[in-house]
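Everything on this sheet refers to the single structure shown next.
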Protein chains: 2
Amino acid sequence: MPTYTAPVKDMQFLLHDVLKISQADIPGYADLDTGFTQAVLSEAARVAEQVLAPLNAVGDAEGCKLEAGVVRTPSGFRAAFDTLRQGGWMSLDAAPEYGGQGLPYLMHTAVNETFVSANMAFNMYQGLTHGAYSAILAHGTEEQKRKWLPKLVTCEWTGTMNLTEPHCGTDLGLLRTKAEPQPDGSYRITGQKIFISAGDHDMAENIVHLVLAKAPGGGEGTKGISLFIVPKFLVKEDGSLGARNAVSVGKIEHKMGIHGNATCVMNYDGATGWLLGELHKGMRAMFTMMNEARLGVALQGYAVAEAAYQNALAYAKDRLQGRAVTGAANPDGPADPLIVHPDIRRNLMEQKSFVEGARALTFWGATLIDRAHNGDAAADGLVGLLTPVLKGFQTDKGFEMAVQAQQVFGGHGYIEEWGMSQFARDARIAMIYEGANGIQALDLVGRKLAQDGGRHVIAFFEMVKAECRAHDGDERMKGFTEPLKAASRQLQQAGMFFMQNGMTNPDAALAGSYDFMHMMGHVCLGLMWTRMAKAAYAALDGGADDRDFLKAKIATGRFYMARQLPACAMHLARIESGSDPVMALPAEAF
Amino acid sequence: MPTYTAPVKDMQFLLHDVLKISQADIPGYADLDTGFTQAVLSEAARVAEQVLAPLNAVGDAEGCKLEAGVVRTPSGFRAAFDTLRQGGWMSLDAAPEYGGQGLPYLMHTAVNETFVSANMAFNMYQGLTHGAYSAILAHGTEEQKRKWLPKLVTCEWTGTMNLTEPHCGTDLGLLRTKAEPQPDGSYRITGQKIFISAGDHDMAENIVHLVLAKAPGGGEGTKGISLFIVPKFLVKEDGSLGARNAVSVGKIEHKMGIHGNATCVMNYDGATGWLLGELHKGMRAMFTMMNEARLGVALQGYAVAEAAYQNALAYAKDRLQGRAVTGAANPDGPADPLIVHPDIRRNLMEQKSFVEGARALTFWGATLIDRAHNGDAAADGLVGLLTPVLKGFQTDKGFEMAVQAQQVFGGHGYIEEWGMSQFARDARIAMIYEGANGIQALDLVGRKLAQDGGRHVIAFFEMVKAECRAHDGDERMKGFTEPLKAASRQLQQAGMFFMQNGMTNPDAALAGSYDFMHMMGHVCLGLMWTRMAKAAYAALDGGADDRDFLKAKIATGRFYMARQLPACAMHLARIESGSDPVMALPAEAF
């Protein structure tokens with residue numbers, strides 16, 4: 001059975017040595033001193049390790065059950081949800097006027113990582129609630145906010161996102177769910193939605209569905225779409241629960257993983273709903289939810305890999321098999337531990353350097369969100385550019401690393417009771433939902449690169465250049481800045497290729513979009529490792545106590561730069577081969 | 001529910017246009033004319049498509065059950081096994097003197113691919129039997145061959161391989177199962193074996209376990225190991241079944257995939273066994289079985305990817321979502337099929353070009369086996385060199401491609417009833433069993449490269465060079481020969497790096513072993529695509545009828561060369577970064 005220990009020390013290093021948050025000019029950050037963040041993270045760690053992690057395998061084995069129209073969650077989930085609710089863990093970054101604690105999004109992110117690592121399926125119930133909270137906060141009327149937000153903040157009620165229908169996922173213009181206006185200002189919602197995570201369960205009094213539907217007069221395609229609030233139970237004027245709304249669970253899907261989260265078919269049979277945001281501008285309102293959800297999924301990518309890595313590492317230190325090629329490392333034992341073998345070490349270093357790099361990127365992304373929430377347009381543009389990279393790259397690599405962690409266990413990795421299969425199966429969904437990763441690549445290359453006249457991607461390249469320039473002449477940093485410079489140049493070259501060829505032949509850009517997304521992911525992690533190395537050297541120079549931790553940080557970064565950044569040249573070569581190899585074969589000739 | 005159609009046309013192209021088997025100087029090949037192979041493959045296709053494929057999802061959903069000490073296979077397996085037995089499908093390449101049909105191993109390979117694609121878990125029951133047959137044929141006494149082979153050839157009895165114990169997988173020197181000599185020449189076998197595929201089931205009268213155990217006097221480590229024949233039921237002089245032997249199933253493992261195959265814990269409690277081959281030389285005898293098994297697993301890698309690809313392709317043509325960026329491809333429909341989108345096309349081309357390349361490599365490997373069986377030492381050495389590449393590269397890529405096929409389905413790919421998850425879960429085991437892929441890389445770099453003074457790897461490079469030289473000045477072939485030359489040079493450079501650094505620091509070679517394995521896999525597929533392109537051009541020049549098929553072959557090859565061979569430069573860069581990035585972090589600092 002896998003175990004989990006929250007990486008509080010690594011998080012503290014990021015927050016205070018790398019991001020130096022308490023000196024940052026972001027409202028609320030001044031209060032985030034080391035003592036405060038240590039206290040929050042330690043307490044979150046306790047909950048993650050002792051309450052959530054032990055339920056991870058339980059959730060996988062039992063799954064959710066649909067009984068008489070109601071979803072039953074796995075044993076222990078309900079009590080754990082109560083524990084989190086009582087601890088106020090659901091409301092960390094919510095607005096104080098609605099009962100939240102008003103902490104920065106960054107703190108929510110750090111805490112969230114520990115919960116996802118401990119139990120991804122469980123954490124989705126509150127994750128989607130957070131998304132619904134954000135959408136209503138951004139687009140709701142004052143009355144709607146007063147009515148729905150306080151209960152969503154505490155997770156007394158939970159939320160869902162209803163986009164997909166059987167015949168349309170990505171292409172929402174095709175959706176058929178309809179909304180008919182009623183004399184009292186409400187709408188009658190009719191249609192079927194699928195893949196609704198946390199669509200029903202037994203852990204909250206009410207469930208607030210946010211539903212995309214077509215109201216009359218909006219025209220064809222996505223232009224006709226509006227967003228509606230459709231609760232499971234209607235809510236009376238005094239806030240108490242009224243009648244059951246005409247929304248029901250058609251079935252629960254039998255999935256590859258995240259068994260502990262109920263993925264529901266939801267049937268809306270003339271259910272009562274209320275417009276959220278402007279009529280026929282539902283896509284815009286939904287994007288508020290989706291962007292946040294995509295960052296949440298990017299976090300899942302590395303958070304599950306972190307949990308898998310911890311267990312692979314423990315196994316590699318414990319399992320005795322074979323002898324080190326350079327001479328026995330454990331001469332008194334029957335064999336050496338797996339970790340002595342170079343290829344096992346390579347595997348572990350790939351996992352470790354990815355997870356720590358992705359954590360840095362995600363935390364930095366969270367600071368950009370906090371800046372954007374405070375009106376910083378440049379930060380908002382940058383995080384918009386980075387969102388598809390974080391989502392696509394981190395979930396692809398997160399899955400790959402979970403598979404590599406499973407590989408360390410040999411045959412035992414394939415046996416369910418060891419728990420490594422679950423990490424791989426759970427991590428797999430993150431590549432698919434909230435926009436499959438191919439869609440992220442399309443969003444990045446087809447939309448975000450050119451957004452606002454390319455201002456954000458230019459700012460990104462400038463930032464990388466400035467980081468490299470800051471270490472000019474620093475011999476210690478050469479192992480970081482040289483590979484980062486090279487990779488960044490290659491990324492720019494790929495961007496130039498798109499500009500030169502994509503105008504006349506859009507396929508030339510889109511055929512390389514997936515490679516570009518991965519390339520940019522590597523450049524981002526290269527940037528993060530450069531910053532982490534700088535911070536580690538500074539701490540070492542400053543006489544910090546924990547020298548082994550800091551030296552390990554630098555060694556891990558060196559591995560990433562030497563062994564992973566060379567992927568950029570490969571992606572560039574693929575991109576520069578153009579669309580012809582990809583599109584030459586006509587569809588009917590496959 | 002997925003479907004499967006055997007790629008008979010592609011196989012025929014390989015056999016007759018590329019490998020030109022009926023002109024090859026290999027005993028038995030002259031009889032393999034196009035009509036004969038078409039007849040065999042068409043009939044195999046019928047069995048695979050109609051008998052085995054429909055049971056694939058059934059096997060996954062039901063799994064195997066241990067009831068009163070006996071393993072019950074999923075519904076329909078037993079009848080299907082009878083069908084295959086009656087059709088003589090188990091005995092294609094077995095020796096006629098023991099009831100086999102004496103066809104080349106190549107034919108067994110081609111037929112086997114269709115069965116594995118259709119139902120990997122089911123096909124393992126006969127696959128392991130084939131391994132046991134080969135081991136007894138190579139190492140058994142005349143009496144043993146007469147006693148065991150005829151029933152194994154027909155699969156009236158099936159076989160198993162018993163290596164792994166709870167505390168040892170790769171490091172067999174640690175094994176504890178003991179064999180005590182008895183006065184009648186038999187041995188008493190006592191110990192526990194785990195991960196025994198097809199360890200028990202209800203589809204055969206008897207099961208012949210080949211068991212590694214330690215007999216007295218052999219010394220420490222692998223030197224003390226011998227191989228024993230331990231049947232489930234003892235066999236009387238007249239060939240009829242006698243008493244139940246003291247071997248029993250402890251439990252069935254609950255696995256990530258291949259649920260239709262029973263993976264058993266086997267307990268030997270003083271079971272009666274007979275020495276196979278020489279005393280204390282069991283490792284050598286077991287390797288006969290393992291090498292063949294590794295090629296069988298290499299085949300599983302791409303065979304499962306083939307089945308997954310077929311379904312991804314059908315979905316990409318069928319599912320309407322979004323519009324082609326170059327203008328509507330299906331203007332009368334609500335949207336265009338997925339296949340119009342460049343990134344979907346990229347994904348499909350990666351799958352297609354891998355599967356067809358791996359099929360060519362595997363079939364070519366089978367011709368080398370047939371040569372080796374007829375005493376060709378050079379072919380034997382070459383196939384020994386290639387075995388870890390085929391096993392490691394093809395199973396890694398096969399899994400990756402099954403995951404990519406799943407990705408084409410979006411959310412539906414994650415739902416079990418669509419069947420794409422099963423392909424990914426089933427394919428995953430091939431990276432682990434028969435020597436985890438890290439062990440394959442170690443075998444390749446630590447052992448096979450230098451074997452026989454490096455003769456085999458030199459021969460391989462010469463062969464690649466000769467292939468490129470043969471097309472000097474042929475403009476049409478430049479898209480193949482140029483990338484192949486470059487990749488081959490990079491592979492040689494990596495080999496030189498190992499030679500120059502590995503002697504003083506073995507870690508420098510082993511830290512790059514996994515990259516070298518993948519690099520060599522790409523060079524092998526590049527060689528195959530060059531040969532296939534040559535054959536396709538020759539057929540086109542010769543006025544062959546099926547021009548669309550031949551042109552598709554060339555376009556698919558061009559994709560592989562342009563988009564996949566650039567990975568070699570990345571692997572070389574990683575290798576040349578040496579062991580320091582990998583090994584710098586001490587084990588205790590992780």
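Letters A, B, ... mark the chains of the structure tokens in the order given; residue numbers begin at 1 per chain; ligand numbers begin at 1, in order shown.
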
Test item: residues at most 9 Å from Ile369 in chain B, only C-alpha atoms, excluding those fewer than 3 positions along its chain, as a short mmCIF file (atom, residue, chain, number, x, y, z; two decimals) with N, CA, C and O atoms, in the first residue's frame:
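Written output follows (part.cif):
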```
data_model
loop_
_atom_site.label_atom_id
_atom_site.label_comp_id
_atom_site.auth_asym_id
_atom_site.auth_seq_id
_atom_site.Cartn_x
_atom_site.Cartn_y
_atom_site.Cartn_z
N TYR B 105 9.30 -20.44 -38.48
CA TYR B 105 8.94 -19.58 -37.36
C TYR B 105 8.28 -18.29 -37.86
O TYR B 105 7.42 -17.72 -37.20
N LEU B 106 8.68 -17.86 -39.03
CA LEU B 106 8.09 -16.66 -39.64
C LEU B 106 6.57 -16.78 -39.76
O LEU B 106 5.84 -15.81 -39.49
N TRP B 364 11.23 -9.57 -40.05
CA TRP B 364 12.63 -9.75 -40.44
C TRP B 364 13.36 -10.54 -39.34
O TRP B 364 14.13 -11.47 -39.63
N GLY B 365 13.10 -10.16 -38.08
CA GLY B 365 13.69 -10.90 -36.96
C GLY B 365 13.33 -12.38 -37.02
O GLY B 365 14.16 -13.25 -36.74
N ALA B 366 12.10 -12.67 -37.43
CA ALA B 366 11.67 -14.07 -37.52
C ALA B 366 12.45 -14.81 -38.61
O ALA B 366 12.78 -15.99 -38.46
N ALA B 372 18.87 -18.94 -38.06
CA ALA B 372 19.63 -19.44 -36.91
C ALA B 372 19.28 -20.90 -36.62
O ALA B 372 20.16 -21.71 -36.33
N HIS B 373 17.99 -21.22 -36.72
CA HIS B 373 17.57 -22.62 -36.50
C HIS B 373 18.25 -23.55 -37.49
O HIS B 373 18.38 -24.74 -37.24
N ASN B 374 18.64 -23.00 -38.64
CA ASN B 374 19.31 -23.82 -39.64
C ASN B 374 20.82 -23.65 -39.61
O ASN B 374 21.50 -23.90 -40.60
N ALA B 379 23.38 -14.98 -38.31
CA ALA B 379 21.99 -14.62 -38.05
C ALA B 379 21.67 -14.79 -36.57
O ALA B 379 20.97 -13.96 -35.97
N ASP B 380 22.20 -15.84 -35.97
CA ASP B 380 21.97 -16.08 -34.54
C ASP B 380 22.53 -14.94 -33.70
O ASP B 380 21.88 -14.45 -32.78
N VAL B 383 20.37 -11.73 -34.27
CA VAL B 383 19.07 -11.74 -33.59
C VAL B 383 19.26 -11.63 -32.07
O VAL B 383 18.43 -11.04 -31.38
#
```

**Message:** For a quick test of understanding: name the residues of chain B lying within 6 Å of chain A when counting only C-alpha atoms, and present them as number ranges by chain.
**Reply:** B: 171, 254-256, 321-322, 342-343, 346, 410, 414-416, 432, 510-511, 559, 563, 566-567, 570, 574, 581-582

Item to check | Coordinates-based distance that separates CA of Gln192 in chain A from CA of Val208 in chain A (Å, one decimal) | outcome: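 Between these atoms lies a distance of 16.2 Å.
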
Original post:
Which polymer residues have any atom within 9 Å of an atom of Leu276 in chain B, counting only C-alpha atoms, with same-chain residues fewer than 6 positions away left out, as a PyMOL selection string?
Top reply: chain B and resi 135-136+139-141+144+210+226-229+282+285

Residues of the last selection are to be written out with N, CA and C atoms, as a compact mmCIF listing (two decimals), in the first residue's frame.
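Written file, again.txt:
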```
# COMPACT_ATOMS: atom_id res chain seq x y z
N ALA B 135 11.90 -25.21 -25.09
CA ALA B 135 12.91 -25.55 -24.09
C ALA B 135 13.11 -27.06 -24.02
N ILE B 136 12.01 -27.81 -24.04
CA ILE B 136 12.14 -29.27 -23.96
C ILE B 136 12.76 -29.81 -25.26
N HIS B 139 16.53 -29.02 -24.93
CA HIS B 139 17.32 -29.53 -23.81
C HIS B 139 16.85 -30.89 -23.27
N GLY B 140 15.73 -31.38 -23.75
CA GLY B 140 15.20 -32.62 -23.20
C GLY B 140 15.93 -33.86 -23.73
N THR B 141 15.82 -34.95 -22.98
CA THR B 141 16.30 -36.23 -23.48
C THR B 141 15.29 -36.75 -24.50
N GLN B 144 12.20 -37.66 -22.74
CA GLN B 144 11.40 -36.49 -22.34
C GLN B 144 10.66 -35.89 -23.53
N LEU B 210 7.72 -25.52 -16.11
CA LEU B 210 9.19 -25.55 -16.12
C LEU B 210 9.64 -24.63 -14.99
N SER B 226 19.06 -25.12 -11.48
CA SER B 226 18.73 -26.12 -12.50
C SER B 226 17.27 -25.93 -12.90
N LEU B 227 16.92 -26.52 -14.03
CA LEU B 227 15.56 -26.40 -14.56
C LEU B 227 14.86 -27.76 -14.48
N PHE B 228 13.62 -27.73 -14.04
CA PHE B 228 12.88 -28.97 -13.84
C PHE B 228 11.53 -28.94 -14.54
N ILE B 229 11.13 -30.13 -14.98
CA ILE B 229 9.78 -30.32 -15.52
C ILE B 229 8.90 -30.80 -14.38
N GLY B 282 20.76 -24.63 -15.36
CA GLY B 282 19.36 -24.31 -15.66
C GLY B 282 19.18 -22.96 -16.31
N ALA B 285 19.39 -23.29 -20.03
CA ALA B 285 18.19 -23.91 -20.60
C ALA B 285 17.02 -22.92 -20.57
```

Worksheet item: Just asking: which residues within range 191-431 of chain A are alpha helix (DSSP H) according to DSSP, as JSON, numbers by chain?
Response: {"A": [282, 283, 284, 285, 286, 287, 288, 289, 290, 291, 292, 293, 294, 295, 296, 297, 298, 299, 300, 301, 302, 303, 304, 305, 306, 307, 308, 309, 310, 311, 312, 313, 314, 315, 316, 317, 318, 342, 343, 344, 345, 346, 347, 348, 349, 350, 351, 352, 353, 354, 355, 356, 357, 358, 359, 360, 361, 362, 363, 364, 365, 366, 367, 368, 369, 370, 371, 372, 373, 377, 378, 379, 380, 381, 382, 383, 384, 385, 386, 387, 388, 389, 390, 391, 392, 393, 394, 395, 396, 397, 398, 399, 400, 401, 402, 403, 404, 405, 406, 407, 408, 420, 421, 422, 423, 424, 425, 426, 427, 428, 429]}

Item to complete: Quick one: pull the distance between CA of His209 in chain B and CA of Pro231 in chain B, Å, one decimal.
Response: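 Rounded to one decimal, the two atoms are 5.6 Å apart.
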
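Closest approach to Gly224 in chain B among B:Arg176, B:Arg188, B:His280, B:His259: B:His280, based on only C-alpha atoms.
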
**Prompt:** If you count only C-alpha atoms, which residues fall within 8 Å of Ser117 in chain B, apart from same-chain ones fewer than 3 positions away, as a PyMOL selection string?
**Reply:** chain B and resi 4+53+113-114+120+300+303-307

| request: Find the residues around Thr158 in chain A up to 8 Å (only C-alpha atoms counted), leave out those fewer than 6 positions away in its own chain, and share them as JSON, numbers by chain. | output: {"A": [125, 126, 128, 129, 152, 204, 206, 207, 208]}
